[in-house]
Amino acid sequence: MSEFENTTAASPQGDTGRGAAAADTGPEGAPRFPGGPAADPAGAHHERRIRSFQPRRSRVTTGQAAALRRLWPVWGLDIDGLRTLDLDAMFGGLPVVLEIGFGMGEATARMAAADQGTGVLAVDVHTPGQGNLLGLAERAGLDNVRVANGDAIILLREMLPPAALDGIRVYFPDPWPKKRHHKRRLLQPEFLTLAAGRLKPGALLHCATDWEPYAEQMLEVLTGHPDFENTRADGGYAPRPAFRPLTRFEGQGLDKGHVVRDLLFRRRSG
């Protein structure tokens with residue numbers, strides 16, 4: 001079994017099975033992770049914008065809390081919209097891929113271990129997952145992973161310079177299945193325009209979902225966007241590339257008959 005399969009992403013109680021769950025805040029709401037991820041790093045923006053994510057309130061294990069306290073000052077950053085990131089300095093000149101929404105970080109850690117010549121800037125708002133990924137990276141000796149806390153839109157729009165990224169990964173985003181919530185889906189034309197501005201020409205945008213209606217919308221929106229072209233000559237979905245690991249939950253979904261769709265689109269030149 002891979003060391004990355006040791007985590008129990010099915011439950012917020014289980015990064016390594018050690019220790020009891022720990023609350024996110026201490027007495028009278030004091031932060032439990034001094035120097036760790038902020039509760040609302042870009043709160044000063046007060047944006048009236050429909051967001052594609054909804055923070056989950058689950059408990060942090062003792063191991064995850066320890067990783068946050070120890071490693072956040074080294075490998076973590078808050079998305080505050082107040083500075084431009086120097087990715088060359090952050091990753092030692094490595095090409096950098098942005099991963100939006102990494103869950104418990106198991107697949108992220110596997111990909112980072114398999115390609116240590118690529119930096120991974122992994123964004124999520126789920127505190128247990130942030131701690132879990134930091135712990136996985138430390139145990140595997142990975143120095144090509146950085147964990148960002150907050151809204152990926154603010155990161156793309158205000159903290160990354162043009163053509164800074166060698167790829168973007170969006171794996172299994174919230175499908176917002178109810179029709180009235182479709183406006184909350186991340187993969188919209190406005191997002192693609194923003195993403196295109198931060199991708200180098202020829203860089204890949206890789207999406208995956210097991211929600212067929214969302215896959216259809218993704219394909220339609222990506223195909224219609226002038227800044228992207230499908231890597232598939234037939235204009236359809238791509239087979240799962242070898243570099244994207246088959247996660248435990250994805251395997252469970254496949255066992256239940258779910259169909260997983262991968263979309264690989266390239267940033268056009270010019």
# chains A, B, ... in the order shown; residues from 1 in each chain; ligands from 1
>>> select_by_dssp(residues="stretch 39-232 of chain A", states="alpha helix (DSSP H)", output="PyMOL selection string")
chain A and resi 62-75+87-91+106-114+127-140+152-154+189-198+212-224
>>> select_by_dssp(residues="stretch 51-177 of chain A", states="strand (DSSP E)", output="VMD selection string")
chain A and resid 60 to 61 76 to 78 96 to 100 119 to 124 145 to 149 165 to 171
>>> write_last_selection(atoms="C-alpha atoms", output="JSON list (two decimals), in the first residue's frame")
[["chain", "number", "residue", "atom", "x", "y", "z"],
["A", 60, "VAL", "CA", -9.53, 18.65, 12.63],
["A", 61, "THR", "CA", -7.66, 15.64, 14.01],
["A", 76, "GLY", "CA", 1.15, 27.51, 3.61],
["A", 77, "LEU", "CA", -0.22, 30.84, 2.45],
["A", 78, "ASP", "CA", -3.46, 32.76, 2.84],
["A", 96, "VAL", "CA", 3.92, 25.44, -11.48],
["A", 97, "VAL", "CA", 0.49, 23.82, -11.73],
["A", 98, "LEU", "CA", -2.47, 25.22, -9.81],
["A", 99, "GLU", "CA", -4.84, 22.66, -8.32],
["A", 100, "ILE", "CA", -8.22, 24.04, -7.28],
["A", 119, "GLY", "CA", 5.54, 22.65, -8.34],
["A", 120, "VAL", "CA", 1.98, 22.20, -7.12],
["A", 121, "LEU", "CA", 0.09, 25.17, -5.70],
["A", 122, "ALA", "CA", -2.93, 23.47, -4.11],
["A", 123, "VAL", "CA", -5.92, 25.60, -3.09],
["A", 124, "ASP", "CA", -8.77, 24.65, -0.78],
["A", 145, "VAL", "CA", 3.92, 21.40, -2.69],
["A", 146, "ARG", "CA", 2.47, 24.63, -1.32],
["A", 147, "VAL", "CA", -0.99, 24.85, 0.25],
["A", 148, "ALA", "CA", -3.12, 27.94, -0.26],
["A", 149, "ASN", "CA", -6.15, 28.80, 1.86],
["A", 165, "LEU", "CA", 1.04, 28.88, -14.67],
["A", 166, "ASP", "CA", 2.00, 25.75, -16.57],
["A", 167, "GLY", "CA", -1.34, 24.13, -15.86],
["A", 168, "ILE", "CA", -4.58, 24.20, -13.88],
["A", 169, "ARG", "CA", -6.31, 21.15, -12.41],
["A", 170, "VAL", "CA", -9.93, 21.10, -11.33],
["A", 171, "TYR", "CA", -10.81, 17.60, -10.16]]
>>> residues_around(residues="A:Lys179", least_positions_apart="5", cutoff="12 Å", atoms="only C-alpha atoms", output="ChimeraX atom specification")
/A:184-185,213-214
>>> closest_residue(among="A:Leu87, A:Leu82, A:Leu219, A:Leu187", to="A:Ile154", atoms="only C-alpha atoms")
A:Leu82
>>> closest_residue(among="A:Gly101, A:Gly129, A:Glu216, A:His225", to="A:Gly63", atoms="only C-alpha atoms")
A:Gly129
>>> decode(residues="stretch 215-230 of chain A", atoms="all heavy atoms", output="PDB file, in the first residue's frame")
ATOM      1  N   ALA A 215     -20.334  17.434 -16.616  1.00  0.00           N
ATOM      2  CA  ALA A 215     -19.356  17.127 -17.665  1.00  0.00           C
ATOM      3  C   ALA A 215     -19.814  17.698 -19.002  1.00  0.00           C
ATOM      4  O   ALA A 215     -19.014  18.270 -19.761  1.00  0.00           O
ATOM      5  CB  ALA A 215     -19.151  15.622 -17.766  1.00  0.00           C
ATOM      6  N   GLU A 216     -21.095  17.559 -19.282  1.00  0.00           N
ATOM      7  CA  GLU A 216     -21.625  18.082 -20.541  1.00  0.00           C
ATOM      8  C   GLU A 216     -21.501  19.602 -20.591  1.00  0.00           C
ATOM      9  O   GLU A 216     -21.149  20.174 -21.635  1.00  0.00           O
ATOM     10  CB  GLU A 216     -23.083  17.651 -20.698  1.00  0.00           C
ATOM     11  CG  GLU A 216     -23.253  16.137 -20.887  1.00  0.00           C
ATOM     12  CD  GLU A 216     -24.695  15.694 -20.785  1.00  0.00           C
ATOM     13  OE1 GLU A 216     -25.566  16.551 -20.503  1.00  0.00           O
ATOM     14  OE2 GLU A 216     -24.961  14.485 -20.976  1.00  0.00           O
ATOM     15  N   GLN A 217     -21.782  20.259 -19.462  1.00  0.00           N
ATOM     16  CA  GLN A 217     -21.644  21.716 -19.431  1.00  0.00           C
ATOM     17  C   GLN A 217     -20.186  22.117 -19.589  1.00  0.00           C
ATOM     18  O   GLN A 217     -19.869  23.062 -20.323  1.00  0.00           O
ATOM     19  CB  GLN A 217     -22.196  22.280 -18.128  1.00  0.00           C
ATOM     20  CG  GLN A 217     -22.031  23.806 -18.032  1.00  0.00           C
ATOM     21  CD  GLN A 217     -22.306  24.361 -16.651  1.00  0.00           C
ATOM     22  OE1 GLN A 217     -23.082  23.815 -15.892  1.00  0.00           O
ATOM     23  NE2 GLN A 217     -21.647  25.460 -16.318  1.00  0.00           N
ATOM     24  N   MET A 218     -19.285  21.420 -18.897  1.00  0.00           N
ATOM     25  CA  MET A 218     -17.860  21.716 -19.020  1.00  0.00           C
ATOM     26  C   MET A 218     -17.406  21.626 -20.472  1.00  0.00           C
ATOM     27  O   MET A 218     -16.711  22.519 -20.982  1.00  0.00           O
ATOM     28  CB  MET A 218     -17.040  20.735 -18.173  1.00  0.00           C
ATOM     29  CG  MET A 218     -17.108  20.923 -16.684  1.00  0.00           C
ATOM     30  SD  MET A 218     -16.063  19.672 -15.879  1.00  0.00           S
ATOM     31  CE  MET A 218     -16.267  20.095 -14.166  1.00  0.00           C
ATOM     32  N   LEU A 219     -17.795  20.549 -21.145  1.00  0.00           N
ATOM     33  CA  LEU A 219     -17.387  20.346 -22.531  1.00  0.00           C
ATOM     34  C   LEU A 219     -17.937  21.462 -23.424  1.00  0.00           C
ATOM     35  O   LEU A 219     -17.221  21.991 -24.291  1.00  0.00           O
ATOM     36  CB  LEU A 219     -17.851  18.979 -23.019  1.00  0.00           C
ATOM     37  CG  LEU A 219     -17.418  18.583 -24.435  1.00  0.00           C
ATOM     38  CD1 LEU A 219     -15.900  18.540 -24.553  1.00  0.00           C
ATOM     39  CD2 LEU A 219     -18.030  17.230 -24.807  1.00  0.00           C
ATOM     40  N   GLU A 220     -19.180  21.829 -23.190  1.00  0.00           N
ATOM     41  CA  GLU A 220     -19.796  22.880 -24.003  1.00  0.00           C
ATOM     42  C   GLU A 220     -19.103  24.225 -23.792  1.00  0.00           C
ATOM     43  O   GLU A 220     -18.775  24.940 -24.757  1.00  0.00           O
ATOM     44  CB  GLU A 220     -21.281  22.992 -23.659  1.00  0.00           C
ATOM     45  CG  GLU A 220     -22.007  24.088 -24.416  1.00  0.00           C
ATOM     46  CD  GLU A 220     -23.473  24.208 -24.011  1.00  0.00           C
ATOM     47  OE1 GLU A 220     -23.940  23.401 -23.187  1.00  0.00           O
ATOM     48  OE2 GLU A 220     -24.146  25.133 -24.530  1.00  0.00           O
ATOM     49  N   VAL A 221     -18.867  24.572 -22.531  1.00  0.00           N
ATOM     50  CA  VAL A 221     -18.276  25.877 -22.226  1.00  0.00           C
ATOM     51  C   VAL A 221     -16.827  25.944 -22.706  1.00  0.00           C
ATOM     52  O   VAL A 221     -16.392  26.958 -23.281  1.00  0.00           O
ATOM     53  CB  VAL A 221     -18.382  26.160 -20.717  1.00  0.00           C
ATOM     54  CG1 VAL A 221     -17.606  27.420 -20.348  1.00  0.00           C
ATOM     55  CG2 VAL A 221     -19.837  26.326 -20.297  1.00  0.00           C
ATOM     56  N   LEU A 222     -16.069  24.886 -22.475  1.00  0.00           N
ATOM     57  CA  LEU A 222     -14.671  24.874 -22.907  1.00  0.00           C
ATOM     58  C   LEU A 222     -14.559  24.894 -24.430  1.00  0.00           C
ATOM     59  O   LEU A 222     -13.722  25.604 -24.992  1.00  0.00           O
ATOM     60  CB  LEU A 222     -13.966  23.643 -22.341  1.00  0.00           C
ATOM     61  CG  LEU A 222     -13.487  23.758 -20.893  1.00  0.00           C
ATOM     62  CD1 LEU A 222     -13.232  22.386 -20.288  1.00  0.00           C
ATOM     63  CD2 LEU A 222     -12.212  24.603 -20.830  1.00  0.00           C
ATOM     64  N   THR A 223     -15.403  24.126 -25.091  1.00  0.00           N
ATOM     65  CA  THR A 223     -15.358  24.085 -26.553  1.00  0.00           C
ATOM     66  C   THR A 223     -15.692  25.438 -27.155  1.00  0.00           C
ATOM     67  O   THR A 223     -15.123  25.838 -28.177  1.00  0.00           O
ATOM     68  CB  THR A 223     -16.340  23.024 -27.080  1.00  0.00           C
ATOM     69  OG1 THR A 223     -15.967  21.732 -26.555  1.00  0.00           O
ATOM     70  CG2 THR A 223     -16.328  22.955 -28.595  1.00  0.00           C
ATOM     71  N   GLY A 224     -16.582  26.173 -26.519  1.00  0.00           N
ATOM     72  CA  GLY A 224     -16.998  27.460 -27.037  1.00  0.00           C
ATOM     73  C   GLY A 224     -16.100  28.621 -26.671  1.00  0.00           C
ATOM     74  O   GLY A 224     -16.327  29.743 -27.126  1.00  0.00           O
ATOM     75  N   HIS A 225     -15.086  28.379 -25.843  1.00  0.00           N
ATOM     76  CA  HIS A 225     -14.244  29.491 -25.397  1.00  0.00           C
ATOM     77  C   HIS A 225     -13.082  29.701 -26.367  1.00  0.00           C
ATOM     78  O   HIS A 225     -12.373  28.751 -26.700  1.00  0.00           O
ATOM     79  CB  HIS A 225     -13.704  29.233 -23.993  1.00  0.00           C
ATOM     80  CG  HIS A 225     -13.232  30.477 -23.323  1.00  0.00           C
ATOM     81  ND1 HIS A 225     -12.027  31.078 -23.628  1.00  0.00           N
ATOM     82  CD2 HIS A 225     -13.811  31.269 -22.382  1.00  0.00           C
ATOM     83  CE1 HIS A 225     -11.878  32.162 -22.888  1.00  0.00           C
ATOM     84  NE2 HIS A 225     -12.951  32.304 -22.131  1.00  0.00           N
ATOM     85  N   PRO A 226     -12.855  30.925 -26.810  1.00  0.00           N
ATOM     86  CA  PRO A 226     -11.838  31.163 -27.842  1.00  0.00           C
ATOM     87  C   PRO A 226     -10.401  30.942 -27.389  1.00  0.00           C
ATOM     88  O   PRO A 226      -9.511  30.806 -28.226  1.00  0.00           O
ATOM     89  CB  PRO A 226     -12.059  32.633 -28.219  1.00  0.00           C
ATOM     90  CG  PRO A 226     -12.715  33.242 -27.021  1.00  0.00           C
ATOM     91  CD  PRO A 226     -13.578  32.164 -26.455  1.00  0.00           C
ATOM     92  N   ASP A 227     -10.152  30.915 -26.068  1.00  0.00           N
ATOM     93  CA  ASP A 227      -8.778  30.783 -25.575  1.00  0.00           C
ATOM     94  C   ASP A 227      -8.339  29.342 -25.367  1.00  0.00           C
ATOM     95  O   ASP A 227      -7.184  29.105 -25.011  1.00  0.00           O
ATOM     96  CB  ASP A 227      -8.619  31.543 -24.253  1.00  0.00           C
ATOM     97  CG  ASP A 227      -8.707  33.051 -24.445  1.00  0.00           C
ATOM     98  OD1 ASP A 227      -8.356  33.527 -25.540  1.00  0.00           O
ATOM     99  OD2 ASP A 227      -9.140  33.738 -23.502  1.00  0.00           O
ATOM    100  N   PHE A 228      -9.244  28.378 -25.587  1.00  0.00           N
ATOM    101  CA  PHE A 228      -8.906  26.982 -25.326  1.00  0.00           C
ATOM    102  C   PHE A 228      -9.243  26.108 -26.530  1.00  0.00           C
ATOM    103  O   PHE A 228     -10.194  26.382 -27.263  1.00  0.00           O
ATOM    104  CB  PHE A 228      -9.658  26.468 -24.092  1.00  0.00           C
ATOM    105  CG  PHE A 228      -9.180  27.077 -22.800  1.00  0.00           C
ATOM    106  CD1 PHE A 228      -9.816  28.191 -22.256  1.00  0.00           C
ATOM    107  CD2 PHE A 228      -8.089  26.555 -22.137  1.00  0.00           C
ATOM    108  CE1 PHE A 228      -9.373  28.772 -21.079  1.00  0.00           C
ATOM    109  CE2 PHE A 228      -7.630  27.122 -20.957  1.00  0.00           C
ATOM    110  CZ  PHE A 228      -8.269  28.218 -20.426  1.00  0.00           C
ATOM    111  N   GLU A 229      -8.454  25.045 -26.684  1.00  0.00           N
ATOM    112  CA  GLU A 229      -8.735  24.057 -27.715  1.00  0.00           C
ATOM    113  C   GLU A 229      -8.641  22.664 -27.101  1.00  0.00           C
ATOM    114  O   GLU A 229      -7.804  22.393 -26.235  1.00  0.00           O
ATOM    115  CB  GLU A 229      -7.758  24.177 -28.886  1.00  0.00           C
ATOM    116  CG  GLU A 229      -6.290  23.982 -28.514  1.00  0.00           C
ATOM    117  CD  GLU A 229      -5.372  24.148 -29.717  1.00  0.00           C
ATOM    118  OE1 GLU A 229      -5.895  24.245 -30.845  1.00  0.00           O
ATOM    119  OE2 GLU A 229      -4.140  24.187 -29.516  1.00  0.00           O
ATOM    120  N   ASN A 230      -9.504  21.789 -27.546  1.00  0.00           N
ATOM    121  CA  ASN A 230      -9.555  20.429 -27.032  1.00  0.00           C
ATOM    122  C   ASN A 230      -8.338  19.656 -27.531  1.00  0.00           C
ATOM    123  O   ASN A 230      -7.966  19.737 -28.705  1.00  0.00           O
ATOM    124  CB  ASN A 230     -10.847  19.747 -27.506  1.00  0.00           C
ATOM    125  CG  ASN A 230     -11.212  18.544 -26.674  1.00  0.00           C
ATOM    126  OD1 ASN A 230     -10.358  17.896 -26.075  1.00  0.00           O
ATOM    127  ND2 ASN A 230     -12.502  18.217 -26.640  1.00  0.00           N
TER     128      ASN A 230
END
